[in-house]
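Asks: Provided herewith: protein_38.txt, compact mmCIF, C-alpha atoms.
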# COMPACT_ATOMS: atom_id res chain seq x y z
CA HIS A 27 17.16 -24.76 -3.88
CA PRO A 28 14.30 -22.89 -2.17
CA GLN A 29 15.06 -20.14 0.30
CA ARG A 30 14.10 -20.83 3.87
CA THR A 31 12.37 -18.22 5.96
CA GLY A 32 13.26 -19.72 9.33
CA ARG A 33 9.66 -20.48 10.22
CA GLY A 34 9.24 -24.03 11.49
CA ASN A 35 12.36 -25.38 9.74
CA ASP A 36 14.92 -26.69 12.19
CA ARG A 37 17.51 -27.67 9.61
CA THR A 38 20.62 -25.50 9.67
CA GLY A 39 21.26 -23.85 6.29
CA VAL A 40 24.54 -22.76 4.80
CA GLY A 41 25.80 -19.64 6.51
CA SER A 42 23.62 -20.31 9.57
CA PRO A 43 25.93 -21.87 12.19
CA ARG A 44 23.31 -21.40 14.90
CA SER A 45 19.62 -22.11 14.59
CA ALA A 46 18.68 -22.35 18.23
CA GLU A 47 15.48 -20.34 17.81
CA PRO A 48 14.29 -20.83 14.23
CA MET A 49 10.67 -20.18 15.18
CA ASN A 50 11.56 -16.65 16.29
CA LYS A 51 13.61 -15.65 13.27
CA ARG A 52 11.90 -12.87 11.35
CA PRO A 53 12.01 -13.00 7.53
CA ARG A 54 14.42 -10.44 6.09
CA VAL A 55 12.77 -7.80 3.91
CA MET A 56 14.36 -5.08 1.78
CA LEU A 57 12.43 -2.03 0.61
CA ALA A 58 13.02 -0.15 -2.65
CA ASP A 59 11.07 3.12 -2.79
CA ASP A 60 12.16 6.70 -3.47
CA HIS A 61 9.64 8.13 -0.98
CA ARG A 62 11.77 7.98 2.17
CA MET A 63 9.10 8.98 4.68
CA PHE A 64 6.74 6.34 3.32
CA ALA A 65 9.51 3.75 3.48
CA GLU A 66 10.39 4.63 7.07
CA GLY A 67 6.72 4.35 7.99
CA LEU A 68 6.67 0.82 6.59
CA ARG A 69 9.66 -0.08 8.75
CA THR A 70 7.53 0.60 11.83
CA LEU A 71 4.42 -1.12 10.48
CA LEU A 72 6.24 -4.27 9.40
CA GLY A 73 8.76 -4.41 12.23
CA GLU A 74 6.85 -6.78 14.46
CA GLU A 75 6.81 -9.62 11.94
CA PHE A 76 9.65 -8.80 9.56
CA GLU A 77 13.24 -7.55 9.78
CA LEU A 78 13.76 -4.64 7.37
CA VAL A 79 17.40 -5.00 6.35
CA ASP A 80 17.72 -1.96 4.07
CA ILE A 81 15.88 0.85 2.29
CA VAL A 82 17.07 1.93 -1.17
CA ALA A 83 15.69 4.70 -3.35
CA ASP A 84 16.16 3.53 -6.95
CA GLY A 85 16.30 0.46 -9.15
CA VAL A 86 20.09 0.42 -9.57
CA ALA A 87 20.60 0.53 -5.80
CA MET A 88 18.01 -2.24 -5.48
CA LEU A 89 20.13 -4.49 -7.74
CA GLU A 90 23.29 -3.87 -5.73
CA ALA A 91 21.72 -4.23 -2.31
CA ALA A 92 19.75 -7.36 -3.22
CA GLN A 93 22.89 -9.16 -4.36
CA ARG A 94 24.81 -8.04 -1.29
CA LEU A 95 22.14 -8.68 1.36
CA ARG A 96 20.14 -11.56 -0.20
CA PRO A 97 16.85 -10.65 1.55
CA ASP A 98 14.03 -13.17 1.75
CA VAL A 99 11.65 -10.75 0.01
CA ILE A 100 12.00 -7.36 -1.68
CA VAL A 101 9.17 -4.83 -1.53
CA ALA A 102 9.59 -2.47 -4.49
CA ASP A 103 7.83 0.44 -6.12
CA ILE A 104 7.46 0.36 -9.90
CA THR A 105 8.29 3.98 -10.71
CA MET A 106 11.76 4.78 -9.34
CA PRO A 107 14.71 6.89 -10.51
CA ARG A 108 17.52 5.45 -12.67
CA LEU A 109 15.80 2.10 -13.24
CA ASN A 110 12.14 1.20 -12.77
CA GLY A 111 11.15 -1.70 -10.53
CA ILE A 112 9.99 -4.07 -13.29
CA ASP A 113 13.22 -3.69 -15.27
CA ALA A 114 15.23 -4.01 -12.05
CA LEU A 115 13.42 -7.29 -11.33
CA ALA A 116 14.25 -8.58 -14.82
CA GLN A 117 17.94 -7.82 -14.33
CA LEU A 118 17.93 -9.24 -10.81
CA ARG A 119 16.36 -12.51 -11.89
CA ALA A 120 19.29 -13.01 -14.28
CA VAL A 121 21.65 -13.30 -11.28
CA LEU A 122 19.20 -14.33 -8.53
CA PRO A 123 16.57 -16.43 -10.32
CA ASP A 124 14.75 -17.31 -7.08
CA VAL A 125 14.43 -13.70 -5.91
CA ARG A 126 11.02 -12.84 -4.43
CA VAL A 127 9.68 -9.38 -5.21
CA VAL A 128 6.37 -7.86 -4.14
CA PHE A 129 5.45 -4.61 -5.86
CA LEU A 130 3.86 -1.89 -3.71
CA THR A 131 2.72 0.91 -5.97
CA MET A 132 0.23 3.70 -6.68
CA HIS A 133 -0.49 2.24 -10.14
CA HIS A 134 -3.95 0.70 -9.91
CA ASP A 135 -4.18 -0.27 -13.59
CA ALA A 136 -4.31 -4.07 -13.94
CA ALA A 137 -1.92 -3.78 -16.90
CA TYR A 138 0.88 -2.89 -14.48
CA ALA A 139 0.11 -5.95 -12.38
CA ARG A 140 0.15 -8.18 -15.46
CA ARG A 141 3.53 -6.77 -16.52
CA ALA A 142 4.91 -7.27 -13.01
CA LEU A 143 3.66 -10.84 -12.68
CA ALA A 144 4.83 -11.72 -16.19
CA GLY A 145 8.28 -10.48 -15.13
CA GLY A 146 8.36 -12.85 -12.17
CA ALA A 147 6.90 -10.77 -9.31
CA MET A 148 5.31 -12.67 -6.43
CA GLY A 149 2.87 -9.96 -5.47
CA PHE A 150 1.20 -6.70 -6.44
CA VAL A 151 -0.25 -4.44 -3.73
CA LEU A 152 -1.61 -0.89 -3.94
CA LYS A 153 -0.15 1.80 -1.67
CA HIS A 154 -3.54 3.05 -0.55
CA SER A 155 -4.51 -0.44 0.68
CA ALA A 156 -4.42 -1.45 4.33
CA VAL A 157 -0.98 -2.59 5.48
CA GLN A 158 -2.47 -6.02 6.16
CA GLU A 159 -2.62 -6.60 2.40
CA LEU A 160 1.12 -6.09 2.17
CA VAL A 161 1.65 -8.45 5.11
CA LEU A 162 -0.47 -11.08 3.36
CA ALA A 163 1.50 -10.56 0.13
CA LEU A 164 4.81 -11.00 1.97
CA ARG A 165 3.60 -14.17 3.69
CA SER A 166 2.40 -15.51 0.35
CA ALA A 167 5.74 -14.75 -1.33
CA LEU A 168 7.62 -16.52 1.46
CA GLU A 169 5.43 -19.56 0.87
CA GLY A 170 5.96 -19.43 -2.88
CA ARG A 171 2.45 -18.20 -3.67
CA ILE A 172 1.39 -15.16 -5.71
CA PHE A 173 -0.75 -12.42 -4.14
CA VAL A 174 -2.62 -9.74 -6.11
CA ALA A 175 -4.53 -6.87 -4.50
CA PRO A 176 -8.21 -7.93 -4.30
CA LEU A 177 -9.18 -4.68 -6.02
CA LEU A 178 -7.28 -5.82 -9.12
CA GLY A 179 -7.51 -9.59 -8.85
CA VAL A 180 -10.41 -10.19 -11.21
CA ASP A 181 -9.06 -7.80 -13.84
CA VAL A 182 -5.58 -9.32 -13.66
CA LEU A 183 -6.77 -12.90 -13.97
CA ALA A 184 -9.36 -12.16 -16.63
CA GLY A 185 -7.00 -9.52 -17.98
CA ASP A 186 -7.70 -9.01 -21.61
CA GLN A 187 -7.56 -12.71 -22.36
CA THR A 188 -9.99 -12.16 -25.23
CA ASN A 189 -8.12 -9.20 -26.65
CA PRO A 190 -4.47 -10.00 -27.49
CA ALA A 191 -3.92 -6.53 -28.93
CA ARG A 192 -4.60 -4.88 -25.59
CA ARG A 193 -2.20 -7.26 -23.85
CA THR A 194 0.67 -5.98 -25.97
CA ASP A 195 3.24 -3.97 -24.03
CA PRO A 196 4.49 -1.17 -26.32
CA PHE A 197 7.81 -1.19 -24.44
CA GLY A 198 8.11 -4.97 -24.28
CA ALA A 199 10.42 -5.20 -27.29
CA LEU A 200 12.91 -2.59 -26.05
CA THR A 201 16.43 -3.82 -25.37
CA PRO A 202 18.12 -3.22 -21.99
CA ARG A 203 20.33 -0.58 -23.67
CA GLN A 204 17.31 1.25 -25.09
CA ARG A 205 15.71 1.27 -21.65
CA GLU A 206 18.90 2.79 -20.22
CA VAL A 207 18.86 5.47 -22.92
CA LEU A 208 15.18 6.17 -22.25
CA GLN A 209 15.71 6.55 -18.49
CA LEU A 210 18.62 8.98 -18.96
CA LEU A 211 16.71 11.05 -21.51
CA ALA A 212 13.73 11.14 -19.15
CA ASP A 213 16.08 12.37 -16.42
CA GLY A 214 16.71 15.43 -18.61
CA LYS A 215 20.12 14.50 -19.99
CA SER A 216 21.06 15.62 -23.50
CA VAL A 217 21.93 13.17 -26.24
CA LYS A 218 25.60 14.04 -25.77
CA GLN A 219 25.39 13.45 -22.00
CA VAL A 220 23.64 10.11 -22.52
CA ALA A 221 26.33 9.06 -24.99
CA SER A 222 29.03 9.98 -22.51
CA SER A 223 27.31 8.20 -19.60
CA LEU A 224 26.91 4.95 -21.56
CA SER A 225 30.18 5.19 -23.53
CA ILE A 226 28.39 5.06 -26.87
CA SER A 227 28.24 7.48 -29.79
CA THR A 228 25.68 10.27 -30.11
CA ARG A 229 24.58 8.66 -33.38
CA THR A 230 23.77 5.44 -31.48
CA VAL A 231 21.76 7.40 -28.90
CA GLU A 232 19.79 9.11 -31.68
CA PHE A 233 19.18 5.75 -33.35
CA HIS A 234 17.82 4.28 -30.09
CA LYS A 235 15.69 7.38 -29.50
CA TYR A 236 13.99 7.28 -32.88
CA THR A 237 13.61 3.50 -32.77
CA MET A 238 11.77 3.82 -29.46
CA MET A 239 9.61 6.68 -30.72
CA GLU A 240 8.57 4.59 -33.71
CA ALA A 241 7.93 1.51 -31.56
CA VAL A 242 5.46 3.28 -29.25
CA GLY A 243 4.04 5.78 -31.72
CA ALA A 244 5.50 8.86 -29.99
CA LYS A 245 5.42 12.15 -31.89
CA GLY A 246 8.55 13.49 -30.24
CA MET A 247 10.91 13.09 -27.31
CA ALA A 248 8.53 14.74 -24.82
CA ASP A 249 5.73 12.46 -26.01
CA LEU A 250 7.99 9.39 -25.64
CA VAL A 251 8.80 10.33 -22.05
CA ARG A 252 5.12 10.95 -21.24
CA ILE A 253 4.18 7.52 -22.60
CA ALA A 254 7.03 5.88 -20.68
CA ILE A 255 5.92 7.58 -17.43
CA ARG A 256 2.34 6.47 -18.02
CA HIS A 257 3.55 2.86 -18.36
CA GLY A 258 5.67 3.14 -15.22
CA LEU A 259 8.87 2.64 -17.19
CA VAL A 260 10.55 5.83 -15.99
CA SER A 261 9.95 8.26 -13.14
CA ASP A 262 8.64 11.76 -13.74
Mind converting the file's structure to C-alpha cells?
Replies:
Amino acid sequence: HPQRTGRGNDRTGVGSPRSAEPMNKRPRVMLADDHRMFAEGLRTLLGEEFELVDIVADGVAMLEAAQRLRPDVIVADITMPRLNGIDALAQLRAVLPDVRVVFLTMHHDAAYARRALAGGAMGFVLKHSAVQELVLALRSALEGRIFVAPLLGVDVLAGDQTNPARRTDPFGALTPRQREVLQLLADGKSVKQVASSLSISTRTVEFHKYTMMEAVGAKGMADLVRIAIRHGLVSD
C-alpha cells in the first residue's frame, strides 16, 4: 500500500490516531551523509517544508534507522563508510520494498545515476546544485515520480543505450558477502581482521579478494580499492 505524506489526504492511517491538521503535516525525511556539517546545513534549508527525523553517517546506520523510523523519504550520499548508499538501498528494499530514496552526491557521472535508478532510487541530485533541486526531487519522490538532476538528465536517459558494453557495471555481479569483504579491506583491515569480523576463514577472504580482482581487472589490492572508490562502492 502506498505511503501517505499527509498532504491533502484526510483519511486516518494506521498509527495515526489524530489527523486534525493533515494539510500542515510535514513529510518526514531522514538524511544519510558522513559530512556532518553539510547534513546539519540541510536541516536548516529543508526545515520549512520537511521534518528531518534523523541524520546518520554510514550505510549500516541508514539501514537500522530507516527500519526503526520509517521516514517518508531518505536523502542519502552514495559514498559512505561501512556500506555505500546504493548497496544500502538494495538491502533496504529487501525489507522495505516501497522505501523512497533520493541520492544527493558529488558524483556527476551519469553512470552513477543509472546505477542508483536501476537499484530503485527515486532521485539523483548533485551536491553543488541549488537546494531547490533537492526540494523538487523530494516532492517528486513523495508523488511517486523520479527526478534526475537536469545536468545529467539527457545523459542518464540516453545513457549508453547504443553501447551495452559501457552499461556493464564491473561490480554488478559481486555478492553481498564480497561487497562486505571489499568494504572492510578498503577500510584498511587485514585479511585476518576481515575474517574475524565476518566469522569466516582467511582462505574464504582471500578467495573473495582474488575473485573480485579478476572480475574488475584489478592488478592488486590497492588497485581494487581505487577502482571501487571510483565507482562509489566504498569510501576513501
Asks: Could you name the residues that touch A:Thr230 at 12 Å or less, counting all atoms listed in the file, but leaving out those on the same chain fewer than 3 positions away, as an mmCIF file with C-alpha atoms, in the coordinates of the input?
Replies:
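Output (around.cif):
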data_model
loop_
_atom_site.group_PDB
_atom_site.id
_atom_site.type_symbol
_atom_site.label_atom_id
_atom_site.label_comp_id
_atom_site.auth_asym_id
_atom_site.auth_seq_id
_atom_site.Cartn_x
_atom_site.Cartn_y
_atom_site.Cartn_z
ATOM 1 C CA ARG A 203 20.330 -0.580 -23.670
ATOM 2 C CA GLN A 204 17.310 1.250 -25.090
ATOM 3 C CA VAL A 207 18.860 5.470 -22.920
ATOM 4 C CA VAL A 217 21.930 13.170 -26.240
ATOM 5 C CA LYS A 218 25.600 14.040 -25.770
ATOM 6 C CA VAL A 220 23.640 10.110 -22.520
ATOM 7 C CA ALA A 221 26.330 9.060 -24.990
ATOM 8 C CA SER A 222 29.030 9.980 -22.510
ATOM 9 C CA LEU A 224 26.910 4.950 -21.560
ATOM 10 C CA SER A 225 30.180 5.190 -23.530
ATOM 11 C CA ILE A 226 28.390 5.060 -26.870
ATOM 12 C CA SER A 227 28.240 7.480 -29.790
ATOM 13 C CA PHE A 233 19.180 5.750 -33.350
ATOM 14 C CA HIS A 234 17.820 4.280 -30.090
ATOM 15 C CA LYS A 235 15.690 7.380 -29.500
ATOM 16 C CA TYR A 236 13.990 7.280 -32.880
ATOM 17 C CA THR A 237 13.610 3.500 -32.770
#
Asks: Which distance in Å separates atom CA of A:Asp113 and atom CA of A:Ala167, to one decimal?
Replies: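 Distance reported for this atom pair: 19.3 Å.
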Asks: Provide the atom CA of A:Val121 to atom CA of A:Ser223 distance in Å, to one decimal place.
Replies: 23.7 Å
Asks: What does the structure give for the distance between atom CA of A:Leu115 and atom CA of A:Ala87, in Å to one decimal?
Replies: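 Computing the Euclidean distance for atom CA of A:Leu115 and atom CA of A:Ala87 yields 12.0 Å.
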Asks: For A:Ala116, find every residue with an atom within 10 Å (counting all atoms listed in the file), except residues of its own chain fewer than 4 positions away, and show them as a PyMOL selection string.
Replies: chain A and resi 111-112+120-123+142+145-147+202
Asks: Just the selected residues (C-alpha atoms), exported as an mmCIF file, in the frame of the given file, please.
Replies:
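This is the output file out_23.cif:
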data_model
loop_
_atom_site.group_PDB
_atom_site.id
_atom_site.type_symbol
_atom_site.label_atom_id
_atom_site.label_comp_id
_atom_site.auth_asym_id
_atom_site.auth_seq_id
_atom_site.Cartn_x
_atom_site.Cartn_y
_atom_site.Cartn_z
ATOM 1 C CA GLY A 111 11.150 -1.700 -10.530
ATOM 2 C CA ILE A 112 9.990 -4.070 -13.290
ATOM 3 C CA ALA A 120 19.290 -13.010 -14.280
ATOM 4 C CA VAL A 121 21.650 -13.300 -11.280
ATOM 5 C CA LEU A 122 19.200 -14.330 -8.530
ATOM 6 C CA PRO A 123 16.570 -16.430 -10.320
ATOM 7 C CA ALA A 142 4.910 -7.270 -13.010
ATOM 8 C CA GLY A 145 8.280 -10.480 -15.130
ATOM 9 C CA GLY A 146 8.360 -12.850 -12.170
ATOM 10 C CA ALA A 147 6.900 -10.770 -9.310
ATOM 11 C CA PRO A 202 18.120 -3.220 -21.990
#
Asks: Find the residues near A:Val260: any atom within 9 Å, counting all atoms listed in the file, skip ones fewer than 4 places away on the same chain, and give them as a PyMOL selection string.
Replies: chain A and resi 104-110+205+208-209+212-213+251+254-256
Asks: For A:Glu169, which residue out of A:Arg126, A:Arg141, A:Gly258, A:Asp103 is the nearest one, using all atoms listed in the file?
Replies: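 Smallest distance to A:Glu169 is found for A:Arg126.
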Asks: Tell me which of A:Arg252, A:Arg119, A:Lys245, A:Arg165 sits closest to A:Val55, counting all atoms listed in the file.
Replies: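 For A:Val55, the nearest of the candidates is A:Arg165.
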Asks: May I have the residues within 10 Å of stretch 153-162 of chain A as a VMD selection string, using only C-alpha atoms and disregarding those fewer than 2 positions away in the same chain?
Replies: chain A and resid 64 68 71 to 72 75 to 76 101 103 128 to 134 149 to 151 164 to 168 173 to 177
Asks: Nearest residue to A:Ala163 out of A:Met63, A:Val127, A:Leu250, A:Ala91, using all atoms listed in the file?
Replies: A:Val127
Asks: Tell me which of A:Gly73, A:Val125, A:Arg96, A:Asp60 sits closest to A:Gly170, counting all atoms listed in the file.
Replies: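 With all atoms listed in the file as the atom set, the closest residue is A:Val125.
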Asks: Tell me, as a list in words, which residues lie within 7 Å of A:Ala58, counting all atoms listed in the file; anything in the same chain fewer than 4 positions away does not count.
Replies: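 Result of the neighbour search: Ile81, Val82, Ala83, Asp84, Met88, Val101, Ala102 and Asp103 of chain A.
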Asks: Save out the residues we just selected, C-alpha atoms, as a PDB file, in the coordinates of the input.
Replies:
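Contents of the output file part-v7.pdb:
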ATOM      1  CA  ILE A  81      15.880   0.850   2.290  1.00  0.00           C
ATOM      2  CA  VAL A  82      17.070   1.930  -1.170  1.00  0.00           C
ATOM      3  CA  ALA A  83      15.690   4.700  -3.350  1.00  0.00           C
ATOM      4  CA  ASP A  84      16.160   3.530  -6.950  1.00  0.00           C
ATOM      5  CA  MET A  88      18.010  -2.240  -5.480  1.00  0.00           C
ATOM      6  CA  VAL A 101       9.170  -4.830  -1.530  1.00  0.00           C
ATOM      7  CA  ALA A 102       9.590  -2.470  -4.490  1.00  0.00           C
ATOM      8  CA  ASP A 103       7.830   0.440  -6.120  1.00  0.00           C
TER       9      ASP A 103
END
Asks: Closest to A:Lys215 among A:Val86, A:Leu152, A:Met247, A:Met239, using all atoms listed in the file?
Replies: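 The shortest atom-to-atom distance to A:Lys215 comes from A:Met247.
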